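Dumped upload-v6.cif below, it's mmCIF, C-alpha atoms:
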```
data_query
loop_
_atom_site.label_atom_id
_atom_site.label_comp_id
_atom_site.auth_asym_id
_atom_site.auth_seq_id
_atom_site.Cartn_x
_atom_site.Cartn_y
_atom_site.Cartn_z
CA MET S 1 200.62 182.30 253.76
CA ALA S 2 198.46 184.60 255.91
CA ALA S 3 196.18 183.07 258.54
CA ALA S 4 193.09 184.26 256.65
CA ASP S 5 194.33 182.49 253.51
CA LEU S 6 194.86 179.25 255.44
CA ARG S 7 191.21 179.19 256.52
CA GLY S 8 190.15 178.53 252.93
CA LEU S 9 192.05 175.23 252.89
CA THR S 10 190.41 171.87 253.44
CA ASP S 11 191.57 169.93 256.48
CA ALA S 12 193.67 167.69 254.24
CA GLU S 13 195.32 170.69 252.58
CA ALA S 14 196.04 172.31 255.95
CA ILE S 15 197.53 169.08 257.30
CA GLU S 16 199.68 168.67 254.20
CA ARG S 17 200.86 172.26 254.47
CA SER S 18 201.59 171.77 258.18
CA LEU S 19 204.30 169.27 257.28
CA SER S 20 206.46 172.19 256.15
CA ASP S 21 204.67 174.98 258.05
CA PRO S 22 203.53 173.59 261.45
CA GLU S 23 201.37 176.67 262.13
CA ALA S 24 199.01 175.59 259.33
CA PHE S 25 197.77 172.82 261.63
CA GLY S 26 196.09 175.57 263.64
CA VAL S 27 193.35 175.68 261.00
CA VAL S 28 192.41 172.07 261.81
CA PHE S 29 192.54 172.85 265.52
CA GLU S 30 190.28 175.92 265.19
CA ARG S 31 187.76 174.03 263.06
CA HIS S 32 187.36 171.02 265.31
CA VAL S 33 188.32 171.97 268.87
CA ALA S 34 184.77 172.91 269.91
CA LEU S 35 183.29 169.67 268.58
CA LEU S 36 186.01 167.60 270.24
CA HIS S 37 185.53 169.43 273.51
CA ARG S 38 181.79 168.78 273.40
CA PHE S 39 182.46 165.09 272.72
CA ALA S 40 185.00 164.96 275.55
CA ARG S 41 182.70 166.67 278.07
CA VAL S 42 179.91 164.20 277.39
CA ARG S 43 182.16 161.17 277.24
CA VAL S 44 184.57 161.76 280.15
CA GLY S 45 183.21 164.76 282.07
CA ASP S 46 184.29 168.35 282.52
CA GLY S 47 187.27 167.48 284.67
CA GLU S 48 188.99 165.36 282.03
CA ALA S 49 187.68 167.00 278.85
CA ALA S 50 190.51 169.51 278.39
CA ASP S 51 193.14 166.79 278.86
CA LEU S 52 191.42 164.55 276.33
CA VAL S 53 191.20 167.35 273.75
CA ALA S 54 194.83 168.35 274.31
CA GLY S 55 195.95 164.74 274.04
CA THR S 56 193.95 164.24 270.86
CA PHE S 57 195.49 167.24 269.13
CA GLU S 58 198.96 166.36 270.39
CA ILE S 59 198.70 162.89 268.83
CA ALA S 60 197.10 164.28 265.66
CA PHE S 61 199.89 166.81 265.24
CA ARG S 62 202.55 164.17 265.84
CA ARG S 63 200.92 161.76 263.37
CA ARG S 64 199.90 164.30 260.76
CA GLY S 65 202.37 162.79 258.30
CA ASP S 66 200.29 159.60 258.33
CA TYR S 67 197.01 161.38 257.57
CA ASP S 68 195.16 160.09 254.49
CA LEU S 69 195.16 163.22 252.34
CA THR S 70 192.31 161.85 250.20
CA ARG S 71 189.99 162.60 253.15
CA SER S 72 189.25 166.31 253.05
CA ASN S 73 187.51 166.38 256.46
CA ALA S 74 189.64 165.42 259.49
CA ARG S 75 186.72 165.22 261.92
CA PRO S 76 186.38 161.40 261.89
CA TRP S 77 190.16 161.02 262.22
CA LEU S 78 190.31 163.34 265.23
CA ILE S 79 187.33 161.76 266.96
CA GLY S 80 188.85 158.34 266.29
CA ILE S 81 192.00 159.44 268.10
CA ALA S 82 189.89 160.70 271.03
CA VAL S 83 187.92 157.44 271.19
CA ASN S 84 191.16 155.46 271.27
CA LEU S 85 192.52 157.67 274.05
CA ILE S 86 189.38 157.07 276.08
CA ARG S 87 189.64 153.33 275.57
CA HIS S 88 193.25 153.29 276.69
CA ASN S 89 192.91 155.72 279.60
CA ARG S 90 189.62 154.92 281.33
CA ARG S 91 190.02 155.90 284.97
CA ASP S 92 186.55 156.61 286.21
CA ARG S 93 183.71 154.77 284.50
CA GLY S 94 181.18 156.18 286.95
CA ARG S 95 181.90 159.75 285.87
CA ALA S 96 181.56 158.78 282.21
CA LEU S 97 178.18 157.19 282.92
CA ARG S 98 176.94 160.28 284.75
CA THR S 99 177.86 162.52 281.84
CA LEU S 100 176.44 160.06 279.32
CA ALA S 101 173.10 160.40 281.08
CA ARG S 102 172.83 163.70 279.25
CA LEU S 103 173.03 161.96 275.88
CA PHE S 104 170.06 162.60 273.63
CA VAL S 105 169.12 159.72 271.35
CA TYR S 106 167.03 160.55 268.31
CA ASP S 107 166.05 158.44 265.37
CA GLU S 108 164.94 159.69 261.97
CA VAL S 109 161.51 160.67 263.35
CA GLU S 110 163.09 162.63 266.20
CA ASP S 111 162.27 160.42 269.14
CA ARG S 112 162.43 162.87 272.07
CA SER S 113 161.75 160.37 274.85
CA LEU S 114 165.32 160.55 276.16
CA GLU S 115 165.26 164.33 276.22
CA ARG S 116 162.05 164.24 278.24
CA ALA S 117 163.46 161.60 280.58
CA VAL S 118 166.64 163.57 281.22
CA ALA S 119 164.57 166.71 281.83
CA SER S 120 162.53 164.77 284.38
CA ASP S 121 163.54 162.75 287.41
CA GLY S 122 164.69 159.76 285.34
CA VAL S 123 168.42 160.48 285.20
CA ALA S 124 169.28 157.80 287.77
CA ALA S 125 167.29 155.18 285.86
CA LEU S 126 168.91 156.26 282.62
CA ARG S 127 172.35 156.02 284.22
CA ASP S 128 171.51 152.46 285.29
CA LEU S 129 170.39 151.65 281.76
CA LEU S 130 173.61 153.00 280.23
CA SER S 131 175.73 151.20 282.82
CA CYS S 132 174.51 147.90 281.33
CA MET S 133 175.65 148.84 277.82
CA ARG S 134 178.92 147.79 276.26
CA GLU S 135 181.48 150.59 275.97
CA GLU S 136 181.52 150.39 272.16
CA ASP S 137 177.72 150.78 272.08
CA LYS S 138 177.95 153.91 274.25
CA ASP S 139 180.60 155.30 271.90
CA LEU S 140 178.46 154.61 268.86
CA LEU S 141 175.38 156.26 270.38
CA LEU S 142 177.40 159.27 271.42
CA LEU S 143 179.01 159.70 268.02
CA HIS S 144 175.75 159.40 266.12
CA ALA S 145 173.26 161.05 268.45
CA CYS S 146 175.29 163.71 270.19
CA LEU S 147 177.89 164.63 267.58
CA ASP S 148 175.60 164.05 264.59
CA LEU S 149 178.16 161.93 262.78
CA THR S 150 176.78 160.10 259.76
CA TYR S 151 176.76 156.31 259.63
CA GLU S 152 179.79 156.50 257.34
CA GLU S 153 181.70 158.79 259.74
CA CYS S 154 180.84 156.55 262.70
CA ALA S 155 182.13 153.59 260.71
CA GLU S 156 185.36 155.42 260.00
CA VAL S 157 185.87 156.49 263.62
CA LEU S 158 185.14 153.04 265.05
CA ARG S 159 186.74 151.15 262.14
CA LEU S 160 183.59 149.17 261.45
CA PRO S 161 181.69 148.41 258.25
CA VAL S 162 178.83 150.86 257.62
CA GLY S 163 176.34 147.99 257.69
CA THR S 164 177.50 147.06 261.19
CA VAL S 165 177.00 150.65 262.35
CA ARG S 166 173.48 150.73 260.92
CA SER S 167 172.47 147.39 262.44
CA ARG S 168 173.97 148.22 265.87
CA LEU S 169 172.15 151.56 266.02
CA HIS S 170 168.92 149.89 264.97
CA ARG S 171 169.41 147.16 267.59
CA LEU S 172 170.20 149.71 270.32
CA ARG S 173 167.25 152.03 269.68
CA ALA S 174 164.39 149.65 270.45
CA PRO S 175 165.40 148.71 274.02
CA LEU S 176 166.46 152.28 274.77
CA ARG S 177 163.15 153.66 273.56
CA THR S 178 161.18 151.07 275.55
CA ARG S 179 163.09 151.81 278.76
CA LEU S 180 162.91 155.57 278.25
CA GLU S 181 159.16 155.44 277.71
CA ALA S 182 158.90 153.48 280.98
CA ILE S 183 161.02 156.12 282.73
CA GLU S 184 158.77 158.83 281.32
CA ARG S 185 155.63 157.01 282.54
CA GLU S 186 157.17 156.48 286.01
CA THR S 187 158.23 160.11 286.36
CA LYS S 188 154.89 161.37 285.03
CA GLY S 189 153.12 159.20 287.59
CA ALA S 190 155.34 160.58 290.36
CA ARG S 191 154.62 164.16 289.23
CA ASP S 192 150.87 163.43 289.15
CA VAL S 193 151.01 162.07 292.72
CA ARG S 194 152.96 165.13 293.91
CA SER S 195 150.43 167.46 292.26
CA LEU S 196 147.58 165.80 294.21
CA ARG S 197 149.20 166.60 297.57
#
```
Mind converting the file's structure to structure tokens?
Amino acid sequence: MAAADLRGLTDAEAIERSLSDPEAFGVVFERHVALLHRFARVRVGDGEAADLVAGTFEIAFRRRGDYDLTRSNARPWLIGIAVNLIRHNRRDRGRALRTLARLFVYDEVEDRSLERAVASDGVAALRDLLSCMREEDKDLLLLHACLDLTYEECAEVLRLPVGTVRSRLHRLRAPLRTRLEAIERETKGARDVRSLR
């Protein structure tokens, strides 16, 4: 089958076809490599992102025979592999925290307080805030807020019930929003003082 014809396949169809024609897996790679690289850059930093993406696709290709073909979209499966790699290969938590400081957290009404804090002088305070969070909470925020995964996709990636995902995100938003608003007030006050000089 020509490469152009393969692009019309769902991820599940391409994975199934790749069992007899390994090149068909390239469709899945092309579709999801940019998203996985973005996830990797935010989660582990530029220096380790390429290795994480390569490792994810290597494992996915090796395990493609185990893929649940009833799932047409392989995105949650691939991100799940990446999350597991991160959990098993954490080498530098400080670097992950620095890159996570760029994470934008929005709720349904588009709370932009984190974006404003990151754009201001509050990155260090945000890094301190994130350093106090559990690793699984950071992963959940990243998946939902940065990669725009749905609650259901987050649940699939993290192997949690959807209700748990919803309640964790709800629980995480309130303290984050409170702290980020404080950061914004602090940095606005510092800017006001500098403007008076």
Subject >> Matched chain/residue IDs from the PyMOL selection byres ((chain S and resi 86) around 10), as a list in words >> reply: Ala40, Arg43, Val44, Leu52, Thr56, Gly80, Ile81, Ala82, Val83, Asn84, Leu85, Arg87, His88, Asn89, Arg90, Arg91 and Asp139 of chain S
Original post:
Residues at most 8 Å from Arg64 in chain S, counting all atoms listed in the file, excluding those fewer than 2 positions away in the same chain, as a ChimeraX atom specification?
Top reply: /S:15-16,19,60-62,66-67
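Here CA of Arg38 in chain S and CA of Pro76 in chain S stand 14.4 Å from one another.
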Subject >> Pairwise distance for CA of Leu180 in chain S and CA of Arg41 in chain S, rounded to one decimal in Å >> reply: 22.7 Å
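Shell of Val165 in chain S at 12 Å, with all atoms listed in the file counted and residues fewer than 3 places along the chain excluded, is Glu136, Asp137, Asp139, Leu140, Leu141, Leu143, His144, Leu149, Thr150, Tyr151, Glu152, Glu153, Cys154, Ala155, Glu156, Val157, Leu158, Arg159, Leu160, Pro161, Val162, Arg168, Leu169, His170, Arg171 and Leu172 of chain S.
The two atoms in question, CA of Gly55 in chain S and CA of Glu23 in chain S, are spaced 17.7 Å apart.
In terms of minimum interatomic distance to Glu58 in chain S, S:Phe29 ranks closest within S:Pro175, S:Val42, S:Ser167, S:Phe29, counting all atoms listed in the file.
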**OP:** Taking the file above as input, evaluate the PyMOL selection byres ((chain S and resi 30) around 12) and report the hits as a ChimeraX atom specification.
**Re:** /S:3,6-7,11,14,23-29,31-37,57,74-75
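Distance check against Ala12 in chain S using all atoms listed in the file: of S:Phe39, S:Leu69, S:Gly45, S:Ala50, the minimum falls on S:Leu69.
Nearest-residue note for Ala54 in chain S: choosing from S:Arg177, S:Ser18, S:Leu78, S:Ala182, the minimum distance belongs to S:Leu78, counting only C-alpha atoms.
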Padding of 5 Å on every side, edges along x, y and z, all listed atoms of range 150-169 of chain S included: what centre and edge lengths in Å, to one decimal, does that box have, as lines of an AutoDock Vina configuration file?
```
center_x = 179.4
center_y = 153.6
center_z = 261.7
size_x = 24.6
size_y = 23.0
size_z = 18.7
```
Reconstructed N, CA, C and O atoms for range 37-60 of chain S, given as a short mmCIF file (atom, residue, chain, number, x, y, z; two decimals), in the frame of the given file:
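Contents of the output file out_10.cif:
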```cif
data_model
loop_
_atom_site.label_atom_id
_atom_site.label_comp_id
_atom_site.auth_asym_id
_atom_site.auth_seq_id
_atom_site.Cartn_x
_atom_site.Cartn_y
_atom_site.Cartn_z
N HIS S 37 185.75 169.12 272.09
CA HIS S 37 185.53 169.43 273.51
C HIS S 37 184.13 169.01 273.94
O HIS S 37 183.94 168.48 275.04
N ARG S 38 183.15 169.21 273.08
CA ARG S 38 181.79 168.78 273.40
C ARG S 38 181.74 167.26 273.56
O ARG S 38 181.17 166.74 274.52
N PHE S 39 182.38 166.55 272.63
CA PHE S 39 182.46 165.09 272.72
C PHE S 39 183.13 164.67 274.03
O PHE S 39 182.64 163.81 274.75
N ALA S 40 184.24 165.31 274.35
CA ALA S 40 185.00 164.96 275.55
C ALA S 40 184.20 165.21 276.81
O ALA S 40 184.21 164.40 277.73
N ARG S 41 183.48 166.36 276.87
CA ARG S 41 182.70 166.67 278.07
C ARG S 41 181.62 165.63 278.31
O ARG S 41 181.38 165.22 279.44
N VAL S 42 180.97 165.19 277.23
CA VAL S 42 179.91 164.20 277.39
C VAL S 42 180.49 162.83 277.71
O VAL S 42 179.96 162.10 278.52
N ARG S 43 181.61 162.52 277.10
CA ARG S 43 182.16 161.17 277.24
C ARG S 43 182.94 160.97 278.53
O ARG S 43 182.85 159.91 279.15
N VAL S 44 183.73 161.96 278.97
CA VAL S 44 184.57 161.76 280.15
C VAL S 44 184.34 162.77 281.26
O VAL S 44 184.93 162.67 282.32
N GLY S 45 183.51 163.78 281.03
CA GLY S 45 183.21 164.76 282.07
C GLY S 45 184.07 166.01 281.94
O GLY S 45 185.11 166.02 281.29
N ASP S 46 183.60 167.06 282.60
CA ASP S 46 184.29 168.35 282.52
C ASP S 46 185.72 168.28 283.01
O ASP S 46 186.60 168.93 282.47
N GLY S 47 185.95 167.52 284.06
CA GLY S 47 187.27 167.48 284.67
C GLY S 47 188.36 166.91 283.78
O GLY S 47 189.52 167.28 283.90
N GLU S 48 187.99 166.00 282.89
CA GLU S 48 188.99 165.36 282.03
C GLU S 48 188.90 165.82 280.58
O GLU S 48 189.74 165.44 279.76
N ALA S 49 187.91 166.63 280.25
CA ALA S 49 187.68 167.00 278.85
C ALA S 49 188.87 167.73 278.24
O ALA S 49 189.31 167.41 277.13
N ALA S 50 189.40 168.73 278.95
CA ALA S 50 190.51 169.51 278.39
C ALA S 50 191.72 168.63 278.14
O ALA S 50 192.40 168.78 277.11
N ASP S 51 192.00 167.69 279.05
CA ASP S 51 193.14 166.79 278.86
C ASP S 51 192.93 165.89 277.65
O ASP S 51 193.87 165.63 276.89
N LEU S 52 191.70 165.41 277.47
CA LEU S 52 191.42 164.55 276.33
C LEU S 52 191.59 165.31 275.02
O LEU S 52 192.20 164.81 274.07
N VAL S 53 191.07 166.54 274.97
CA VAL S 53 191.20 167.35 273.75
C VAL S 53 192.67 167.65 273.46
O VAL S 53 193.15 167.50 272.33
N ALA S 54 193.41 168.04 274.50
CA ALA S 54 194.83 168.35 274.31
C ALA S 54 195.59 167.11 273.83
O ALA S 54 196.41 167.19 272.91
N GLY S 55 195.29 165.97 274.45
CA GLY S 55 195.95 164.74 274.04
C GLY S 55 195.62 164.35 272.61
O GLY S 55 196.48 163.87 271.87
N THR S 56 194.37 164.56 272.23
CA THR S 56 193.95 164.24 270.86
C THR S 56 194.72 165.08 269.85
O THR S 56 195.25 164.55 268.86
N PHE S 57 194.79 166.38 270.09
CA PHE S 57 195.49 167.24 269.13
C PHE S 57 197.00 167.01 269.17
O PHE S 57 197.68 167.14 268.14
N GLU S 58 197.53 166.66 270.31
CA GLU S 58 198.96 166.36 270.39
C GLU S 58 199.29 165.15 269.51
O GLU S 58 200.24 165.16 268.73
N ILE S 59 198.48 164.10 269.65
CA ILE S 59 198.70 162.89 268.83
C ILE S 59 198.47 163.20 267.36
O ILE S 59 199.24 162.78 266.49
N ALA S 60 197.40 163.95 267.06
CA ALA S 60 197.10 164.28 265.66
C ALA S 60 198.25 165.06 265.03
O ALA S 60 198.65 164.78 263.90
#
```
